[in-house]
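Working notes, beginning with the structure itself.
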Amino acid sequence: MMASLSRLRLASPEGVGLLLLAAYAAYGLFWLGSIDERDRLFFYEVTLSGLLAGVMYSLVALGFVLIFKSSGIFNFSQGVMALFAGLFLTGFMNDFGVPAFLAIPLTVAVMVAVAFAVERFVLRHLVNQEPIILFMATIGLAFVLEGVGDILWGSDVKPLDVGLPRGASDFLLDGYGLYVEKLEIAAAAVAAVLVVALSLFSQYTRIGRALRAVADDHQAALSVGISLRTIWVIVWSIAGAVALVAGIMWGSKSGVQFSLALIALKALPVLILGGFTSIPGAILGGLIIGVGEKWAEIYLGEVMNALFGLNASWFTAIENWFAYVLALAFLLVRPQGLFGEKIIERV
Amino acid sequence: MIYRETGDFKTSYADDQQIFPIAQDRFAFLALMAVAFLVVPFLIDDYWEKSILLPFLVYALAAIGLNILTGYCGQVSLGTGGFMAVGAYSAYKLMTAFPSLDMSLVVITSGLITAMVGMLFGLPSLRIKGFYLAVATLAAQFFLVWLFNKIPWFYNYSATGQITAPERFAFGVPVTGPATDPWATYLFCLAFVVLFGLIAKNLLRGRIGRSWMAIRDMDIAAEIIGVDPLKAKLSAFGVSSFYIGMAGALYFAVLFGAVEVGEAFGINASFEVMFMIIIGGLGSMMGSFLGAGFVVLLPILLKTVLVDGFDLGTAFAKYIEITAFGALIITFLIAEPHGLARLWAIVKERLRIWPFPH
């Protein structure tokens, strides 16, 4: 970190970006000192809920990163996979009365089956195709998963309750006067466990190392006897399991419905901010996007009104695009994302 | 035996450089144009106009636009829906602000406005590439749709937030509004597609098209041999958005007459046009048309078969349609990743040597 800081030139785009960021942070601190106690508390609440919302985005982004790292496929169907997993889970629980502790493994089994099917019927035939073709294939896959999910379980909103805590956290509400959903805290805890588990898995297990080898270099991995097909099935299974976790979290929050598939679109700016290949990037990117979005939602209207005299009510419902613009601004400074590998171009 | 270049002697440079080097292709093209301009207008009815021919023509124009950007210049864009919305809203503002303006000028001006917006959103392409750029163009998509939804000036403060096309004329004939003849709207769109299709084809064969292809094939190498990436990329964004903007204007004003921006120009519109050029063939004019035809006709076909043929409920048929559409896309990509245009080329190749195997 220090070494890379010392190499940083202030005249480079990154230097300028860093300076702007520092100025912004200084102004933010100054502003925070100037407002009264109640507004400050509100600001903390907004920030905290932004961070926790960001964790939810990270959960979806994680699935993307896993697949992109190991196969170079930009898996557009990750969001639909979360919906698909959520549909099966609610289907098992509500229609067949399977208890949650059984329904979850059953759904994982379904996702593994999906992974097998995807490898067998799609990926195997598309080896060595251009990335955009594979990307399009995953969009096709998203349609298929959505259609099959609807055919099997119907398209109405289904409540999901796997026994996660609900309501406001009493501890934070009484102790600090902050209103925070317990569910979001649970999501943060699950995400933390997931990241630690995935890191340990890829660091210390045989399969995890094979995954990293494939991510590093397909051909070299093949030549030391790692089977690409097996790896792909494993990666898609893991991504399926991560999708299930995301499906559970989002489903518990707002019910399992089609809009779940659209959270994938929210995960994309997270991805480009964090870099397509970095798990910590996905988490940190999610946090930045989550907080940025919440801040913008609350404060951007006021700021625009004060600065340019624009109508503050225009700046409602900006959550659709704000994350993208934030990520775009970030990319202009650092084209490979936060933790992406440095892009070296050769002829 | 019949279809080949033998015996068709080129005696001038102009002959040598024509778009269709084979005589039969030229005749086929002229025959097609003759049928399209002289026969179809007399046969066309409302159903064919609104469900098949107009959507095909409008989407073909959009597909040409996206193909210029993605297929020829290699810049993946998912902002097509947003740019179509710019075209549609420009057309709406022009139609209401200048009622006497001829519709053909309205459509072209809308295209020009969209070209400006497209170049603006193309600026990030100078710094970011590949999927990062694709996601960045989504910023344009969502921002533009939000903008047209939120700022009342764009929809003239109407209560519904919808925009509705008033009656306007092209060369004295009404082409928008409630009382239009199928032949008039059809010929209006067809003229745009043919004219600008030819212009696009010639742009692509010329210097500027070659600079786009150089950028697509390898941007650094192109830069080294003297192609200016700034000019090439921004001109690709501009020209592409021009076509997409015209398609958006036609889509709104002529095809539907009234649109709601989130519904008509949402992210799905972007994907639809993307499917067209992938299924049709990246980097191929023919592919733009074939892909547009395929994507327009497939849902109609599936619906006819499922709802009328098997008598399924519409909701259930919709699910099956989604599934089948996805499965077909995957099958298609596996069977021929280079699209329908490649199949077409293979057929032509076979035909040239027919009846001999080699």
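If you're wondering about the labels, chains in the structure tokens are A, B, ... by order shown, residues count from 1 in each chain, ligands from 1 in order shown.
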Tell me the residues of chain B close to chain A, meaning within 6 Å using only C-alpha atoms, as a PyMOL selection string. chain B and resi 128+136+139+142-143+150+221+319+322-323+326+329-330
With all heavy atoms kept, could you save the residues just selected as a tab-separated table (two decimals), in the first residue's frame?
chain	number	residue	atom	x	y	z
B	128	ILE	N	-12.21	3.67	-21.30
B	128	ILE	CA	-12.53	2.32	-20.83
B	128	ILE	C	-13.02	1.45	-21.98
B	128	ILE	O	-13.54	1.94	-22.96
B	128	ILE	CB	-13.59	2.35	-19.70
B	128	ILE	CG1	-14.75	3.23	-20.10
B	128	ILE	CG2	-12.98	2.82	-18.42
B	128	ILE	CD1	-15.79	3.37	-19.01
B	136	ALA	N	-20.81	0.90	-18.55
B	136	ALA	CA	-20.87	2.36	-18.54
B	136	ALA	C	-21.98	2.88	-19.43
B	136	ALA	O	-22.64	3.87	-19.10
B	136	ALA	CB	-19.53	2.94	-18.98
B	139	ALA	N	-25.24	3.32	-17.91
B	139	ALA	CA	-25.46	4.60	-17.24
B	139	ALA	C	-26.29	5.50	-18.13
B	139	ALA	O	-27.25	6.13	-17.68
B	139	ALA	CB	-24.13	5.26	-16.89
B	142	PHE	N	-30.02	4.17	-18.25
B	142	PHE	CA	-30.88	4.45	-17.09
B	142	PHE	C	-31.04	5.95	-16.87
B	142	PHE	O	-32.11	6.41	-16.51
B	142	PHE	CB	-30.31	3.79	-15.84
B	142	PHE	CG	-30.43	2.31	-15.88
B	142	PHE	CD1	-29.32	1.50	-15.87
B	142	PHE	CD2	-31.67	1.71	-15.94
B	142	PHE	CE1	-29.44	0.13	-15.93
B	142	PHE	CE2	-31.81	0.35	-15.99
B	142	PHE	CZ	-30.69	-0.44	-15.99
B	143	PHE	N	-29.97	6.70	-17.11
B	143	PHE	CA	-30.06	8.13	-16.90
B	143	PHE	C	-31.06	8.76	-17.85
B	143	PHE	O	-31.91	9.56	-17.45
B	143	PHE	CB	-28.69	8.78	-17.06
B	143	PHE	CG	-28.73	10.28	-16.95
B	143	PHE	CD1	-28.90	10.88	-15.71
B	143	PHE	CD2	-28.64	11.07	-18.06
B	143	PHE	CE1	-28.96	12.25	-15.60
B	143	PHE	CE2	-28.71	12.44	-17.97
B	143	PHE	CZ	-28.87	13.04	-16.73
B	150	LYS	N	-38.74	12.21	-15.56
B	150	LYS	CA	-38.77	13.12	-14.43
B	150	LYS	C	-38.98	14.57	-14.83
B	150	LYS	O	-39.69	15.29	-14.14
B	150	LYS	CB	-37.45	13.00	-13.64
B	150	LYS	CG	-37.57	12.07	-12.45
B	150	LYS	CD	-38.13	12.74	-11.28
B	150	LYS	CE	-39.11	12.01	-10.42
B	150	LYS	NZ	-39.16	10.70	-10.19
B	221	ALA	N	-2.92	-1.16	-32.32
B	221	ALA	CA	-2.27	-1.28	-33.62
B	221	ALA	C	-2.82	-0.22	-34.57
B	221	ALA	O	-2.08	0.41	-35.33
B	221	ALA	CB	-2.50	-2.67	-34.19
B	319	TYR	N	-44.90	-17.42	-20.43
B	319	TYR	CA	-43.74	-18.06	-19.78
B	319	TYR	C	-43.00	-18.95	-20.77
B	319	TYR	O	-41.77	-18.94	-20.85
B	319	TYR	CB	-44.19	-18.91	-18.58
B	319	TYR	CG	-44.95	-18.18	-17.52
B	319	TYR	CD1	-45.85	-18.85	-16.71
B	319	TYR	CD2	-44.78	-16.81	-17.31
B	319	TYR	CE1	-46.57	-18.19	-15.73
B	319	TYR	CE2	-45.49	-16.15	-16.35
B	319	TYR	CZ	-46.39	-16.84	-15.55
B	319	TYR	OH	-47.09	-16.18	-14.60
B	322	ILE	N	-41.03	-16.94	-23.19
B	322	ILE	CA	-39.76	-16.46	-22.64
B	322	ILE	C	-38.72	-17.57	-22.66
B	322	ILE	O	-37.59	-17.39	-23.12
B	322	ILE	CB	-39.95	-15.96	-21.19
B	322	ILE	CG1	-40.87	-14.75	-21.16
B	322	ILE	CG2	-38.62	-15.62	-20.55
B	322	ILE	CD1	-41.27	-14.32	-19.76
B	323	THR	N	-39.13	-18.75	-22.18
B	323	THR	CA	-38.21	-19.88	-22.13
B	323	THR	C	-37.72	-20.24	-23.53
B	323	THR	O	-36.51	-20.42	-23.76
B	323	THR	CB	-38.90	-21.10	-21.52
B	323	THR	OG1	-39.64	-20.68	-20.39
B	323	THR	CG2	-37.90	-22.16	-21.12
B	326	GLY	N	-35.26	-17.69	-24.92
B	326	GLY	CA	-33.92	-17.87	-24.36
B	326	GLY	C	-33.23	-19.09	-24.92
B	326	GLY	O	-32.06	-19.04	-25.33
B	329	ILE	N	-32.05	-18.55	-28.43
B	329	ILE	CA	-30.85	-17.70	-28.51
B	329	ILE	C	-29.61	-18.54	-28.23
B	329	ILE	O	-28.61	-18.48	-28.97
B	329	ILE	CB	-30.96	-16.54	-27.51
B	329	ILE	CG1	-31.96	-15.52	-28.02
B	329	ILE	CG2	-29.60	-15.87	-27.30
B	329	ILE	CD1	-32.33	-14.49	-27.00
B	330	ILE	N	-29.70	-19.36	-27.17
B	330	ILE	CA	-28.54	-20.19	-26.84
B	330	ILE	C	-28.23	-21.16	-27.98
B	330	ILE	O	-27.09	-21.29	-28.42
B	330	ILE	CB	-28.79	-20.95	-25.52
B	330	ILE	CG1	-28.93	-19.95	-24.37
B	330	ILE	CG2	-27.66	-21.92	-25.24
B	330	ILE	CD1	-29.27	-20.57	-23.05
Could you pull out the alpha helix (DSSP H) residues of stretch 102-200 of chain A, going by DSSP on the backbone, and write them as a VMD selection string? chain A and resid 102 to 121 131 to 153 170 to 176 182 to 200
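The residue that comes closest to B:Ala253, out of B:Leu123, B:Leu54, B:Leu30, B:Leu198 and on the basis of only C-alpha atoms, is B:Leu54.
Take atom CA of B:Glu272 and atom CA of B:Val295: the distance between them is 7.6 Å.
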Got a sec: who's within 8 Å of B:Val296, counting only C-alpha atoms, leaving out chain neighbours fewer than 5 positions off, as a tab-separated table (two decimals) with all heavy atoms, in the first residue's frame?
chain	number	residue	atom	x	y	z
B	52	ILE	N	-45.86	-6.38	-38.41
B	52	ILE	CA	-44.72	-7.04	-39.05
B	52	ILE	C	-43.81	-6.06	-39.79
B	52	ILE	O	-42.64	-5.91	-39.46
B	52	ILE	CB	-45.20	-8.16	-40.00
B	52	ILE	CG1	-45.92	-9.23	-39.16
B	52	ILE	CG2	-44.03	-8.78	-40.75
B	52	ILE	CD1	-46.63	-10.26	-39.94
B	55	PRO	N	-42.52	-2.70	-37.60
B	55	PRO	CA	-41.52	-3.08	-36.60
B	55	PRO	C	-40.21	-3.56	-37.23
B	55	PRO	O	-39.13	-3.20	-36.78
B	55	PRO	CB	-42.20	-4.21	-35.82
B	55	PRO	CG	-43.63	-4.00	-36.02
B	55	PRO	CD	-43.80	-3.37	-37.36
B	56	PHE	N	-40.36	-4.35	-38.31
B	56	PHE	CA	-39.15	-4.85	-38.97
B	56	PHE	C	-38.29	-3.70	-39.47
B	56	PHE	O	-37.08	-3.65	-39.23
B	56	PHE	CB	-39.54	-5.79	-40.13
B	56	PHE	CG	-38.40	-6.07	-41.07
B	56	PHE	CD1	-37.36	-6.87	-40.65
B	56	PHE	CD2	-38.38	-5.54	-42.33
B	56	PHE	CE1	-36.29	-7.12	-41.49
B	56	PHE	CE2	-37.33	-5.78	-43.19
B	56	PHE	CZ	-36.28	-6.57	-42.77
Within 7 Å of stretch 180-189 of chain B using only C-alpha atoms, minus same-chain residues under 3 positions, as a PyMOL selection string: chain B and resi 41+44-46+49+54+57+174-177+192-193+254
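In this structure, atom CA of B:Gly7 sits 21.2 Å away from atom CA of B:Val347.
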12 Å contact set for B:Leu301, only C-alpha atoms, chain neighbours under 6 positions out, as a PyMOL selection string: chain B and resi 51-52+293-295+307-309+321+324-325
What would the file look like if the residues just selected were written as a tab-separated table (two decimals), in the first residue's frame with N, CA and C atoms?
chain	number	residue	atom	x	y	z
B	51	SER	N	-47.87	-4.91	-37.19
B	51	SER	CA	-47.25	-6.01	-36.46
B	51	SER	C	-45.98	-6.52	-37.10
B	52	ILE	N	-45.86	-6.38	-38.41
B	52	ILE	CA	-44.72	-7.04	-39.05
B	52	ILE	C	-43.81	-6.06	-39.79
B	293	GLY	N	-35.51	-9.12	-38.65
B	293	GLY	CA	-36.62	-9.96	-39.08
B	293	GLY	C	-36.85	-11.10	-38.12
B	294	PHE	N	-35.77	-11.74	-37.72
B	294	PHE	CA	-35.87	-12.90	-36.83
B	294	PHE	C	-36.51	-12.52	-35.50
B	295	VAL	N	-35.98	-11.45	-34.89
B	295	VAL	CA	-36.46	-11.09	-33.55
B	295	VAL	C	-37.89	-10.54	-33.60
B	307	VAL	N	-50.61	-20.03	-28.44
B	307	VAL	CA	-51.95	-19.62	-28.02
B	307	VAL	C	-53.01	-20.19	-28.96
B	308	ASP	N	-52.80	-20.03	-30.26
B	308	ASP	CA	-53.81	-20.50	-31.20
B	308	ASP	C	-53.67	-22.00	-31.46
B	309	GLY	N	-52.41	-22.44	-31.59
B	309	GLY	CA	-52.18	-23.84	-31.94
B	309	GLY	C	-52.50	-24.79	-30.80
B	321	GLU	N	-43.06	-18.74	-23.91
B	321	GLU	CA	-42.43	-17.90	-24.94
B	321	GLU	C	-41.07	-17.40	-24.46
B	324	ALA	N	-38.67	-20.33	-24.45
B	324	ALA	CA	-38.30	-20.74	-25.81
B	324	ALA	C	-37.39	-19.71	-26.45
B	325	PHE	N	-37.66	-18.43	-26.18
B	325	PHE	CA	-36.84	-17.37	-26.75
B	325	PHE	C	-35.40	-17.51	-26.25
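Those residues that approach A:Thr90 to within 7 Å, counting only C-alpha atoms, are Gly86, Asn94, Lys158 and Leu160 of chain A; same-chain residues fewer than 4 positions away are not listed.
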For N, CA and C atoms, I'd like the residues from the last selection saved as a short mmCIF file (atom, residue, chain, number, x, y, z; two decimals), in the first residue's frame.
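Writing done, so here's again-v3.cif:
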data_model
loop_
_atom_site.label_atom_id
_atom_site.label_comp_id
_atom_site.auth_asym_id
_atom_site.auth_seq_id
_atom_site.Cartn_x
_atom_site.Cartn_y
_atom_site.Cartn_z
N GLY A 86 -34.60 -18.44 -5.17
CA GLY A 86 -35.63 -17.98 -4.25
C GLY A 86 -36.97 -18.65 -4.54
N ASN A 94 -43.37 -23.23 0.97
CA ASN A 94 -44.78 -22.86 1.04
C ASN A 94 -45.68 -23.92 0.44
N LYS A 158 -44.09 -13.99 -3.64
CA LYS A 158 -44.21 -14.99 -2.59
C LYS A 158 -43.43 -14.55 -1.36
N LEU A 160 -41.20 -14.94 1.93
CA LEU A 160 -40.17 -15.90 2.30
C LEU A 160 -39.77 -15.64 3.74
#
Non-local contacts of stretch 246-249 of chain A (8 Å; only C-alpha atoms; under 3 positions in same chain excluded) as a PyMOL selection string: chain A and resi 56+59-60+82-83+85-86+160+162+183+187+242-243+252-253+256+260
Next, dump the selected residues to file, keeping only N, CA and C atoms, as a PDB file, in the first residue's frame.
ATOM      1  N   MET A  56     -25.912  -5.998   0.540  1.00  0.00           N
ATOM      2  CA  MET A  56     -26.837  -6.800  -0.265  1.00  0.00           C
ATOM      3  C   MET A  56     -26.415  -6.797  -1.741  1.00  0.00           C
ATOM      4  N   LEU A  59     -23.520  -9.128  -2.284  1.00  0.00           N
ATOM      5  CA  LEU A  59     -23.858 -10.544  -2.333  1.00  0.00           C
ATOM      6  C   LEU A  59     -24.103 -10.998  -3.773  1.00  0.00           C
ATOM      7  N   VAL A  60     -24.768 -10.157  -4.549  1.00  0.00           N
ATOM      8  CA  VAL A  60     -25.009 -10.516  -5.951  1.00  0.00           C
ATOM      9  C   VAL A  60     -23.717 -10.386  -6.746  1.00  0.00           C
ATOM     10  N   ALA A  82     -30.566 -15.799  -8.650  1.00  0.00           N
ATOM     11  CA  ALA A  82     -31.045 -15.512  -7.295  1.00  0.00           C
ATOM     12  C   ALA A  82     -32.566 -15.660  -7.229  1.00  0.00           C
ATOM     13  N   LEU A  83     -33.235 -15.152  -8.274  1.00  0.00           N
ATOM     14  CA  LEU A  83     -34.694 -15.285  -8.331  1.00  0.00           C
ATOM     15  C   LEU A  83     -35.097 -16.755  -8.408  1.00  0.00           C
ATOM     16  N   ALA A  85     -33.407 -19.431  -7.497  1.00  0.00           N
ATOM     17  CA  ALA A  85     -33.178 -20.115  -6.219  1.00  0.00           C
ATOM     18  C   ALA A  85     -34.254 -19.733  -5.211  1.00  0.00           C
ATOM     19  N   GLY A  86     -34.596 -18.440  -5.172  1.00  0.00           N
ATOM     20  CA  GLY A  86     -35.632 -17.977  -4.247  1.00  0.00           C
ATOM     21  C   GLY A  86     -36.967 -18.647  -4.538  1.00  0.00           C
ATOM     22  N   LEU A 160     -41.201 -14.943   1.930  1.00  0.00           N
ATOM     23  CA  LEU A 160     -40.169 -15.905   2.301  1.00  0.00           C
ATOM     24  C   LEU A 160     -39.772 -15.638   3.742  1.00  0.00           C
ATOM     25  N   VAL A 162     -37.300 -17.604   6.424  1.00  0.00           N
ATOM     26  CA  VAL A 162     -36.470 -18.738   6.816  1.00  0.00           C
ATOM     27  C   VAL A 162     -36.019 -18.563   8.264  1.00  0.00           C
ATOM     28  N   LEU A 183     -32.606  -7.467   9.876  1.00  0.00           N
ATOM     29  CA  LEU A 183     -32.360  -8.299   8.698  1.00  0.00           C
ATOM     30  C   LEU A 183     -31.098  -7.860   7.971  1.00  0.00           C
ATOM     31  N   ALA A 187     -27.757  -9.823   7.155  1.00  0.00           N
ATOM     32  CA  ALA A 187     -27.189  -9.946   5.813  1.00  0.00           C
ATOM     33  C   ALA A 187     -25.707  -9.614   5.828  1.00  0.00           C
ATOM     34  N   VAL A 242     -24.257 -18.900  -3.860  1.00  0.00           N
ATOM     35  CA  VAL A 242     -24.210 -17.483  -3.500  1.00  0.00           C
ATOM     36  C   VAL A 242     -25.500 -16.794  -3.944  1.00  0.00           C
ATOM     37  N   ALA A 243     -25.994 -17.194  -5.127  1.00  0.00           N
ATOM     38  CA  ALA A 243     -27.259 -16.634  -5.609  1.00  0.00           C
ATOM     39  C   ALA A 243     -28.381 -16.983  -4.639  1.00  0.00           C
ATOM     40  N   SER A 252     -36.357 -12.287   1.793  1.00  0.00           N
ATOM     41  CA  SER A 252     -36.878 -12.018   3.134  1.00  0.00           C
ATOM     42  C   SER A 252     -37.261 -10.554   3.259  1.00  0.00           C
ATOM     43  N   LYS A 253     -36.516  -9.710   2.537  1.00  0.00           N
ATOM     44  CA  LYS A 253     -36.755  -8.277   2.648  1.00  0.00           C
ATOM     45  C   LYS A 253     -38.039  -7.873   1.938  1.00  0.00           C
ATOM     46  N   VAL A 256     -40.239 -12.882  -2.702  1.00  0.00           N
ATOM     47  CA  VAL A 256     -39.604 -13.378  -3.918  1.00  0.00           C
ATOM     48  C   VAL A 256     -40.468 -12.974  -5.102  1.00  0.00           C
ATOM     49  N   LEU A 260     -36.465  -9.226  -8.211  1.00  0.00           N
ATOM     50  CA  LEU A 260     -35.199  -9.803  -7.738  1.00  0.00           C
ATOM     51  C   LEU A 260     -34.182  -9.921  -8.867  1.00  0.00           C
TER      52      LEU A 260
END
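You will find atom CA of A:Ala191 at 28.9 Å from atom CA of B:Gly130.
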